[in-house]
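**Q** Dropping a structure here in structure tokens format, bear with me for questions.
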Amino acid sequence: MDKTLPEILDELLRRAASTVAGRETLLRYDHTINFEVLDGTPFHVEIAGGKVDVSDSEADPGPISEAYNIISKEDALRDWFGGKCRYSDLIHEHRMYPQASHTTKRHIDNWIVKLVRLGQGKPGLRDLY
Amino acid sequence: MEGNPYRIVDLLPAARNMMDYCQVARDEHVAIFADTLIPTLVTQAVLAAVEERGGNPVILISKPGGLSWREGAEPPQAYKLAMYSSDVVIQLKSVEAQIFPRVQETAMLEHDVRMLRVPLGNSVEALTQEWALMPFEVMQMVTRKIYDQWTSGATSPGEATKTIRVEHSNGTELTATYDPRYVIHTGFLLPKLMPGQWNQFCGATVGIELFKDAQGIVVFDGLHGEEDYKMLPPIGSDVVHPLSEPVRWIFEDRRCRIEGGHEAELIRRLIAGGGEYADILCEIALGVNPKAPLSTMPTRRSGVTHYAVGSTSGRTPTPEEESAQVHTHGHLLSCNLYVDGDPCILDGRLVVFDDAEVREVAAKYGDPDKIFEEAPF
């Protein structure tokens, strides 16, 4: 049976946390990211003090300075977590809808993108140059 | 140089100030993007300021890109590679418009780029003026306070709505409701510019890009941000001011009807090709810099509010797919603006300029009364 999205994200973030770069990146912010799955079940991750807690339920409402919401569908999230698509491409293809338009929370987007890439065992795209 | 009274040294204070806004550190790779309308002296001054900070600068000059925000627009490969391989991108812009947003966002989200956007028009003088010396710490505090007011009580997940009301004696009377999670801001959110963030040099805009409802009228003093506007007086500038006659946007259920003279006709033509959602209110925003010149950067000027219909291409923030191939602006020089009944602008002045904490920070740089004194239009 396929792993669920929270299981996949949990695995990715645990792998990220096993690297020095991942541990440093996890410490960058304390934030809750809720994934609103339009054709599935919501899940969320809380990252605080470098510790990761992925849950297979919707996050409790939190102040937007500490909480973020990403709306998408199951296949888009699987494509991203599976390394088939970049997060930024999914946004522009209208398959991923981060909560804040423009760049209010783009540092949080950048953060989770980096963590997922580290969990995939891929270098940051910046490091390819 | 004949005909140009300025030297690099005249522009260096502003160029050094740019370094504070994007926080260039030693050994960082910095790409300075300019277009052919940006004076060479400006790019040289910015390059010198980067080198002073120990950064590794490179300058790329491309054609002016006012319309290049349209979906699918791709820059030359070298442009893209320079952007993706830099720690910091400084974008010197001759037109107040989005430039290749997909590439920019990919750079910020996937490549850890920090970005500084510098709207300059095409004059050297712009960098010798007072607006370009506004300290980062002051602008960060001002914008953060406004952002907090516009988003107060918002949660994520959450369904809260807030109401923004704008009024002016010229006939403007607009009420719009919005989801506060969609208030836009820039890197000014935090005291430090983080990977994935961008700043607008010397004053961001705070704004809203998604509305649940909009009813009423906005009567504009000027328009800005389209290549097509350069054919209107003053010729060659994308800022149209004053208008030959008032342009009125009349909103009903978020949708806009446009009235006015030949400027209104041009806007109608712009949105006619923008698709089903081209006439929807997609932005109310304000500037925060009391010295920003109206002629080149009305959107940065404190107390000036600006409005757009259409959408922000490529970044439609909800699954409803209200995407339009247009995002066109007008601005209002003065107004009263309230968020849930609390004043944000009164008689064209930002209320936050009188906030005790803001004035305490400003006092580190001079007399707060002088810092927040608004330059004449």
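Ordered as shown in the structure tokens, chains take letters A, B, and onward, while each chain numbers its residues from 1 and ligands are numbered from 1 in the order shown.
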List the neighbours of Asn69 of chain A out to 6 Å using only C-alpha atoms; skip same-chain residues closer than 4 positions along the sequence, and give me the result as a compact mmCIF listing (two decimals) with N, CA and C atoms, in the first residue's frame.
**A**
```
# COMPACT_ATOMS: atom_id res chain seq x y z
N ILE A 33 3.14 24.24 9.39
CA ILE A 33 2.67 24.28 8.01
C ILE A 33 1.55 23.27 7.86
N ASN A 34 0.39 23.77 7.49
CA ASN A 34 -0.76 22.91 7.27
C ASN A 34 -0.91 22.64 5.77
N PHE A 35 -1.15 21.40 5.42
CA PHE A 35 -1.38 21.05 4.02
C PHE A 35 -2.87 20.75 3.85
N GLN A 99 -0.54 29.84 0.89
CA GLN A 99 -1.51 30.75 1.52
C GLN A 99 -1.36 32.20 1.09
```
**Q** Could you list, as an mmCIF file with N, CA and C atoms, in the first residue's frame, every residue of chain A that has an atom within 9 Å of an atom of chain B, counting only C-alpha atoms?
**A**
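The result, written out as result-v5.cif:
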```cif
data_model
loop_
_atom_site.group_PDB
_atom_site.id
_atom_site.type_symbol
_atom_site.label_atom_id
_atom_site.label_comp_id
_atom_site.auth_asym_id
_atom_site.auth_seq_id
_atom_site.Cartn_x
_atom_site.Cartn_y
_atom_site.Cartn_z
ATOM 1 N N ILE A 33 3.144 24.240 9.393
ATOM 2 C CA ILE A 33 2.674 24.282 8.006
ATOM 3 C C ILE A 33 1.554 23.268 7.863
ATOM 4 N N ASN A 34 0.393 23.770 7.488
ATOM 5 C CA ASN A 34 -0.763 22.909 7.274
ATOM 6 C C ASN A 34 -0.908 22.643 5.773
ATOM 7 N N GLU A 36 -3.520 21.621 3.112
ATOM 8 C CA GLU A 36 -4.948 21.449 2.849
ATOM 9 C C GLU A 36 -5.066 20.684 1.539
ATOM 10 N N GLU A 58 -5.678 18.158 10.360
ATOM 11 C CA GLU A 58 -5.533 19.591 10.140
ATOM 12 C C GLU A 58 -4.928 20.245 11.386
ATOM 13 N N ALA A 59 -4.101 21.253 11.157
ATOM 14 C CA ALA A 59 -3.502 21.978 12.277
ATOM 15 C C ALA A 59 -4.572 22.797 12.990
ATOM 16 N N ASP A 60 -4.357 23.007 14.281
ATOM 17 C CA ASP A 60 -5.211 23.962 14.986
ATOM 18 C C ASP A 60 -4.900 25.357 14.458
ATOM 19 N N PRO A 61 -5.902 26.246 14.396
ATOM 20 C CA PRO A 61 -5.611 27.604 13.935
ATOM 21 C C PRO A 61 -4.544 28.256 14.796
ATOM 22 N N GLY A 62 -3.580 28.883 14.138
ATOM 23 C CA GLY A 62 -2.521 29.595 14.860
ATOM 24 C C GLY A 62 -2.307 30.957 14.226
ATOM 25 N N PRO A 63 -1.711 31.883 14.961
ATOM 26 C CA PRO A 63 -1.473 33.206 14.379
ATOM 27 C C PRO A 63 -0.620 33.095 13.120
ATOM 28 N N ILE A 64 -0.911 33.943 12.124
ATOM 29 C CA ILE A 64 -0.239 33.736 10.835
ATOM 30 C C ILE A 64 1.257 34.038 10.883
ATOM 31 N N SER A 65 1.702 34.647 11.969
ATOM 32 C CA SER A 65 3.141 34.835 12.099
ATOM 33 C C SER A 65 3.847 33.516 12.402
ATOM 34 N N GLU A 66 3.058 32.511 12.820
ATOM 35 C CA GLU A 66 3.660 31.228 13.197
ATOM 36 C C GLU A 66 3.076 30.057 12.426
ATOM 37 N N ALA A 67 2.105 30.346 11.570
ATOM 38 C CA ALA A 67 1.407 29.248 10.896
ATOM 39 C C ALA A 67 1.189 29.585 9.427
ATOM 40 N N TYR A 68 1.154 28.534 8.628
ATOM 41 C CA TYR A 68 1.113 28.706 7.180
ATOM 42 C C TYR A 68 0.219 27.623 6.604
ATOM 43 N N ASN A 69 -0.373 27.893 5.471
ATOM 44 C CA ASN A 69 -1.283 26.940 4.860
ATOM 45 C C ASN A 69 -0.928 26.775 3.389
ATOM 46 N N ILE A 71 -2.335 24.904 -0.024
ATOM 47 C CA ILE A 71 -3.466 24.174 -0.605
ATOM 48 C C ILE A 71 -2.983 23.459 -1.865
ATOM 49 N N SER A 72 -3.347 22.181 -1.972
ATOM 50 C CA SER A 72 -2.941 21.454 -3.172
ATOM 51 C C SER A 72 -3.782 20.185 -3.301
ATOM 52 N N ARG A 86 9.183 20.587 -9.273
ATOM 53 C CA ARG A 86 9.611 21.618 -8.322
ATOM 54 C C ARG A 86 8.375 22.317 -7.766
ATOM 55 N N TYR A 87 8.491 22.699 -6.536
ATOM 56 C CA TYR A 87 7.404 23.420 -5.857
ATOM 57 C C TYR A 87 7.028 24.687 -6.627
ATOM 58 N N SER A 88 8.044 25.434 -7.073
ATOM 59 C CA SER A 88 7.760 26.695 -7.772
ATOM 60 C C SER A 88 7.024 26.441 -9.077
ATOM 61 N N ASP A 89 7.359 25.337 -9.765
ATOM 62 C CA ASP A 89 6.645 25.029 -11.008
ATOM 63 C C ASP A 89 5.190 24.682 -10.714
ATOM 64 N N ILE A 91 3.385 25.873 -8.387
ATOM 65 C CA ILE A 91 2.664 27.130 -8.165
ATOM 66 C C ILE A 91 2.262 27.742 -9.502
ATOM 67 N N HIS A 92 3.208 27.814 -10.400
ATOM 68 C CA HIS A 92 2.937 28.494 -11.670
ATOM 69 C C HIS A 92 2.045 27.665 -12.590
ATOM 70 N N GLU A 93 2.004 26.357 -12.346
ATOM 71 C CA GLU A 93 1.085 25.516 -13.125
ATOM 72 C C GLU A 93 -0.287 25.433 -12.453
ATOM 73 N N HIS A 94 -0.465 26.223 -11.407
ATOM 74 C CA HIS A 94 -1.743 26.272 -10.680
ATOM 75 C C HIS A 94 -2.117 24.911 -10.108
ATOM 76 N N ARG A 95 -1.096 24.221 -9.576
ATOM 77 C CA ARG A 95 -1.364 22.957 -8.884
ATOM 78 C C ARG A 95 -1.043 23.073 -7.397
ATOM 79 N N MET A 96 -0.439 24.189 -7.014
ATOM 80 C CA MET A 96 -0.063 24.405 -5.619
ATOM 81 C C MET A 96 -0.425 25.848 -5.271
ATOM 82 N N TYR A 97 -1.066 26.018 -4.121
ATOM 83 C CA TYR A 97 -1.558 27.355 -3.772
ATOM 84 C C TYR A 97 -1.106 27.719 -2.358
ATOM 85 N N PRO A 98 0.097 28.255 -2.239
ATOM 86 C CA PRO A 98 0.522 28.713 -0.909
ATOM 87 C C PRO A 98 -0.420 29.793 -0.407
ATOM 88 N N GLN A 99 -0.541 29.842 0.890
ATOM 89 C CA GLN A 99 -1.513 30.749 1.517
ATOM 90 C C GLN A 99 -1.355 32.197 1.092
ATOM 91 N N ALA A 100 -0.143 32.708 1.172
ATOM 92 C CA ALA A 100 0.016 34.134 0.944
ATOM 93 C C ALA A 100 0.435 34.380 -0.491
ATOM 94 N N SER A 101 -0.284 35.280 -1.132
ATOM 95 C CA SER A 101 0.143 35.672 -2.455
ATOM 96 C C SER A 101 1.398 36.507 -2.313
ATOM 97 N N HIS A 102 2.020 36.743 -3.425
ATOM 98 C CA HIS A 102 3.239 37.522 -3.419
ATOM 99 C C HIS A 102 4.276 36.858 -2.510
ATOM 100 N N THR A 103 5.027 37.603 -1.765
ATOM 101 C CA THR A 103 6.165 36.988 -1.086
ATOM 102 C C THR A 103 6.107 37.084 0.428
ATOM 103 N N THR A 104 4.941 37.323 0.971
ATOM 104 C CA THR A 104 4.863 37.472 2.414
ATOM 105 C C THR A 104 5.510 36.314 3.139
ATOM 106 N N LYS A 105 5.255 35.126 2.666
ATOM 107 C CA LYS A 105 5.774 33.958 3.367
ATOM 108 C C LYS A 105 6.698 33.135 2.467
ATOM 109 N N ARG A 106 7.288 33.783 1.489
ATOM 110 C CA ARG A 106 8.134 33.016 0.583
ATOM 111 C C ARG A 106 9.369 32.451 1.289
ATOM 112 N N HIS A 107 9.752 33.069 2.408
ATOM 113 C CA HIS A 107 10.878 32.492 3.148
ATOM 114 C C HIS A 107 10.480 31.147 3.746
ATOM 115 N N ILE A 108 9.201 31.006 4.073
ATOM 116 C CA ILE A 108 8.735 29.710 4.588
ATOM 117 C C ILE A 108 8.640 28.702 3.438
ATOM 118 N N ASP A 109 8.177 29.155 2.265
ATOM 119 C CA ASP A 109 8.189 28.275 1.089
ATOM 120 C C ASP A 109 9.613 27.787 0.815
ATOM 121 N N ASN A 110 10.535 28.746 0.803
ATOM 122 C CA ASN A 110 11.937 28.408 0.530
ATOM 123 C C ASN A 110 12.456 27.390 1.549
ATOM 124 N N TRP A 111 12.032 27.566 2.785
ATOM 125 C CA TRP A 111 12.488 26.699 3.898
ATOM 126 C C TRP A 111 12.016 25.252 3.703
ATOM 127 N N VAL A 113 10.874 23.897 0.976
ATOM 128 C CA VAL A 113 11.448 23.382 -0.273
ATOM 129 C C VAL A 113 12.849 22.835 -0.010
ATOM 130 N N LYS A 114 13.623 23.594 0.729
ATOM 131 C CA LYS A 114 15.007 23.173 1.013
ATOM 132 C C LYS A 114 15.016 21.889 1.862
ATOM 133 N N GLY A 124 20.862 21.425 -2.679
ATOM 134 C CA GLY A 124 20.056 22.596 -2.983
ATOM 135 C C GLY A 124 20.360 23.038 -4.400
ATOM 136 N N LEU A 125 19.366 23.546 -5.102
ATOM 137 C CA LEU A 125 19.602 23.965 -6.484
ATOM 138 C C LEU A 125 20.686 25.037 -6.541
ATOM 139 N N ARG A 126 20.745 25.852 -5.519
ATOM 140 C CA ARG A 126 21.767 26.897 -5.466
ATOM 141 C C ARG A 126 23.171 26.281 -5.483
ATOM 142 N N ASP A 127 23.290 25.089 -4.899
ATOM 143 C CA ASP A 127 24.601 24.470 -4.781
ATOM 144 C C ASP A 127 25.081 23.850 -6.096
ATOM 145 N N LEU A 128 24.234 23.837 -7.108
ATOM 146 C CA LEU A 128 24.638 23.265 -8.392
ATOM 147 C C LEU A 128 25.492 24.233 -9.194
ATOM 148 N N TYR A 129 25.561 25.483 -8.753
ATOM 149 C CA TYR A 129 26.308 26.486 -9.531
ATOM 150 C C TYR A 129 27.648 26.784 -8.874
#
```
**Q** Measuring between only C-alpha atoms, which one of A:Val37, A:Val54, A:Cys85, A:Leu27 shows the shortest distance to Arg14 of chain A?
**A**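 So, comparing all the options, the nearest one is A:Val54.
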**Q** Residues within 8 Å of Arg15 of chain A, please, as a list in words. Count only C-alpha atoms; anything in the same chain fewer than 6 positions from it doesn't count.
**A**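 Neighbouring residues, sequence-local ones excluded: Leu118, Gly119, Gln120 and Gly121 of chain A.
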**Q** Can you spit out the residues from that selection as a compact mmCIF listing (two decimals), in the first residue's frame, using N, CA and C atoms?
**A**
```
# COMPACT_ATOMS: atom_id res chain seq x y z
N LEU A 118 16.58 18.28 0.85
CA LEU A 118 17.59 17.61 1.68
C LEU A 118 17.11 16.19 2.03
N GLY A 119 15.82 16.07 2.29
CA GLY A 119 15.26 14.75 2.58
C GLY A 119 15.32 13.82 1.38
N GLN A 120 15.26 14.40 0.19
CA GLN A 120 15.36 13.60 -1.03
C GLN A 120 16.81 13.23 -1.35
N GLY A 121 17.71 13.78 -0.55
CA GLY A 121 19.13 13.51 -0.79
C GLY A 121 19.68 14.32 -1.94
```
**Q** Would you compute the distance between atom CA of Thr128 of chain B and atom CA of Ala14 of chain B? Give it in Å to one decimal.
**A** 7.0 Å
**Q** Please identify all polymer residues within 7 Å of Ile250 of chain B, counting only C-alpha atoms, omitting same-chain residues fewer than 5 positions from it, and present them as a count of residues only.
**A** 6
**Q** Based on the backbone DSSP call, show me all residues of segment 8-125 of chain A assigned strand (DSSP E or B), as a PyMOL selection string.
**A** chain A and resi 31-37+43-48+51-55+62-63+67-72+96-98
**Q** Restricting the output to C-alpha atoms, write the selected residues as an mmCIF file, in the first residue's frame.
**A**
```cif
data_model
loop_
_atom_site.group_PDB
_atom_site.id
_atom_site.type_symbol
_atom_site.label_atom_id
_atom_site.label_comp_id
_atom_site.auth_asym_id
_atom_site.auth_seq_id
_atom_site.Cartn_x
_atom_site.Cartn_y
_atom_site.Cartn_z
ATOM 1 C CA HIS A 31 6.503 27.293 12.259
ATOM 2 C CA THR A 32 3.478 25.130 11.614
ATOM 3 C CA ILE A 33 2.674 24.282 8.006
ATOM 4 C CA ASN A 34 -0.763 22.909 7.274
ATOM 5 C CA PHE A 35 -1.384 21.055 4.025
ATOM 6 C CA GLU A 36 -4.948 21.449 2.849
ATOM 7 C CA VAL A 37 -5.479 18.555 0.437
ATOM 8 C CA PHE A 43 -2.106 17.038 7.477
ATOM 9 C CA HIS A 44 0.416 19.318 9.076
ATOM 10 C CA VAL A 45 3.937 19.607 10.352
ATOM 11 C CA GLU A 46 5.089 21.524 13.388
ATOM 12 C CA ILE A 47 8.742 22.465 13.495
ATOM 13 C CA ALA A 48 10.000 24.032 16.699
ATOM 14 C CA LYS A 51 12.230 19.213 16.205
ATOM 15 C CA VAL A 52 9.764 17.876 13.652
ATOM 16 C CA ASP A 53 6.273 16.609 14.362
ATOM 17 C CA VAL A 54 4.145 15.503 11.399
ATOM 18 C CA SER A 55 0.454 14.786 12.094
ATOM 19 C CA GLY A 62 -2.521 29.595 14.860
ATOM 20 C CA PRO A 63 -1.473 33.206 14.379
ATOM 21 C CA ALA A 67 1.407 29.248 10.896
ATOM 22 C CA TYR A 68 1.113 28.706 7.180
ATOM 23 C CA ASN A 69 -1.283 26.940 4.860
ATOM 24 C CA ILE A 70 -0.539 25.273 1.546
ATOM 25 C CA ILE A 71 -3.466 24.174 -0.605
ATOM 26 C CA SER A 72 -2.941 21.454 -3.172
ATOM 27 C CA MET A 96 -0.063 24.405 -5.619
ATOM 28 C CA TYR A 97 -1.558 27.355 -3.772
ATOM 29 C CA PRO A 98 0.522 28.713 -0.909
#
```
**Q** Provide the atom CA of Leu190 of chain B to atom CA of Ala45 of chain B distance in Å, to one decimal place.
**A**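 Result for atom CA of Leu190 of chain B versus atom CA of Ala45 of chain B: 27.0 Å, one decimal.
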**Q** Considering only C-alpha atoms, state which residue in the set B:Asp369, B:Ser302, B:Gly236, B:Leu332 is at the smallest distance from Arg349 of chain B.
**A**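 Using only C-alpha atoms, Arg349 of chain B sits closest to B:Ser302.
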**Q** Atom CA of Gln91 of chain B to atom CA of Asp35 of chain B: how many Å, to one decimal?
**A**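 Spanning atom CA of Gln91 of chain B to atom CA of Asp35 of chain B is a straight-line distance of 9.1 Å.
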**Q** Among segment 154-370 of chain B, which ones does DSSP place in alpha helix (DSSP H), written as a PDB file with N, CA and C atoms, in the first residue's frame?
**A**
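Ended up saving to result_6.pdb:
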```
ATOM      1  N   HIS B 262      -9.622  59.636 -22.307  1.00  0.00           N
ATOM      2  CA  HIS B 262      -8.859  58.710 -23.148  1.00  0.00           C
ATOM      3  C   HIS B 262      -7.985  57.772 -22.321  1.00  0.00           C
ATOM      4  N   GLU B 263      -7.619  58.198 -21.093  1.00  0.00           N
ATOM      5  CA  GLU B 263      -6.849  57.274 -20.240  1.00  0.00           C
ATOM      6  C   GLU B 263      -7.720  56.071 -19.856  1.00  0.00           C
ATOM      7  N   ALA B 264      -8.974  56.335 -19.554  1.00  0.00           N
ATOM      8  CA  ALA B 264      -9.892  55.240 -19.210  1.00  0.00           C
ATOM      9  C   ALA B 264     -10.056  54.298 -20.401  1.00  0.00           C
ATOM     10  N   GLU B 265     -10.089  54.868 -21.586  1.00  0.00           N
ATOM     11  CA  GLU B 265     -10.242  54.045 -22.783  1.00  0.00           C
ATOM     12  C   GLU B 265      -9.046  53.100 -22.932  1.00  0.00           C
ATOM     13  N   LEU B 266      -7.849  53.622 -22.620  1.00  0.00           N
ATOM     14  CA  LEU B 266      -6.651  52.780 -22.706  1.00  0.00           C
ATOM     15  C   LEU B 266      -6.736  51.626 -21.703  1.00  0.00           C
ATOM     16  N   ILE B 267      -7.182  51.919 -20.490  1.00  0.00           N
ATOM     17  CA  ILE B 267      -7.313  50.833 -19.498  1.00  0.00           C
ATOM     18  C   ILE B 267      -8.332  49.801 -19.987  1.00  0.00           C
ATOM     19  N   ARG B 268      -9.419  50.298 -20.536  1.00  0.00           N
ATOM     20  CA  ARG B 268     -10.444  49.354 -21.027  1.00  0.00           C
ATOM     21  C   ARG B 268      -9.853  48.436 -22.098  1.00  0.00           C
ATOM     22  N   ARG B 269      -9.007  49.011 -22.945  1.00  0.00           N
ATOM     23  CA  ARG B 269      -8.369  48.192 -23.991  1.00  0.00           C
ATOM     24  C   ARG B 269      -7.425  47.163 -23.365  1.00  0.00           C
ATOM     25  N   LEU B 270      -6.697  47.592 -22.319  1.00  0.00           N
ATOM     26  CA  LEU B 270      -5.755  46.674 -21.670  1.00  0.00           C
ATOM     27  C   LEU B 270      -6.477  45.473 -21.066  1.00  0.00           C
ATOM     28  N   ILE B 271      -7.582  45.744 -20.411  1.00  0.00           N
ATOM     29  CA  ILE B 271      -8.255  44.627 -19.725  1.00  0.00           C
ATOM     30  C   ILE B 271      -9.150  43.821 -20.678  1.00  0.00           C
ATOM     31  N   ALA B 272      -9.442  44.398 -21.846  1.00  0.00           N
ATOM     32  CA  ALA B 272     -10.301  43.668 -22.792  1.00  0.00           C
ATOM     33  C   ALA B 272      -9.650  42.355 -23.224  1.00  0.00           C
ATOM     34  N   ALA B 356       4.707  55.569  18.865  1.00  0.00           N
ATOM     35  CA  ALA B 356       5.846  55.847  19.746  1.00  0.00           C
ATOM     36  C   ALA B 356       7.049  54.961  19.425  1.00  0.00           C
ATOM     37  N   GLU B 357       6.791  53.682  19.173  1.00  0.00           N
ATOM     38  CA  GLU B 357       7.889  52.753  18.906  1.00  0.00           C
ATOM     39  C   GLU B 357       8.589  53.085  17.583  1.00  0.00           C
ATOM     40  N   VAL B 358       7.784  53.452  16.596  1.00  0.00           N
ATOM     41  CA  VAL B 358       8.337  53.822  15.287  1.00  0.00           C
ATOM     42  C   VAL B 358       9.200  55.078  15.416  1.00  0.00           C
ATOM     43  N   ARG B 359       8.715  56.034  16.174  1.00  0.00           N
ATOM     44  CA  ARG B 359       9.461  57.294  16.324  1.00  0.00           C
ATOM     45  C   ARG B 359      10.758  57.075  17.121  1.00  0.00           C
ATOM     46  N   GLU B 360      10.713  56.133  18.044  1.00  0.00           N
ATOM     47  CA  GLU B 360      11.926  55.832  18.812  1.00  0.00           C
ATOM     48  C   GLU B 360      13.009  55.254  17.899  1.00  0.00           C
ATOM     49  N   VAL B 361      12.610  54.380  17.005  1.00  0.00           N
ATOM     50  CA  VAL B 361      13.578  53.831  16.044  1.00  0.00           C
ATOM     51  C   VAL B 361      14.069  54.933  15.111  1.00  0.00           C
ATOM     52  N   ALA B 362      13.148  55.770  14.618  1.00  0.00           N
ATOM     53  CA  ALA B 362      13.541  56.845  13.698  1.00  0.00           C
ATOM     54  C   ALA B 362      14.527  57.809  14.365  1.00  0.00           C
ATOM     55  N   PRO B 368      12.671  62.622  14.170  1.00  0.00           N
ATOM     56  CA  PRO B 368      11.546  61.904  13.564  1.00  0.00           C
ATOM     57  C   PRO B 368      10.587  62.822  12.797  1.00  0.00           C
ATOM     58  N   ASP B 369      10.417  64.046  13.296  1.00  0.00           N
ATOM     59  CA  ASP B 369       9.532  64.970  12.577  1.00  0.00           C
ATOM     60  C   ASP B 369      10.046  65.223  11.160  1.00  0.00           C
ATOM     61  N   LYS B 370      11.355  65.358  11.036  1.00  0.00           N
ATOM     62  CA  LYS B 370      11.963  65.594   9.712  1.00  0.00           C
ATOM     63  C   LYS B 370      11.899  64.323   8.866  1.00  0.00           C
TER      64      LYS B 370
END
```
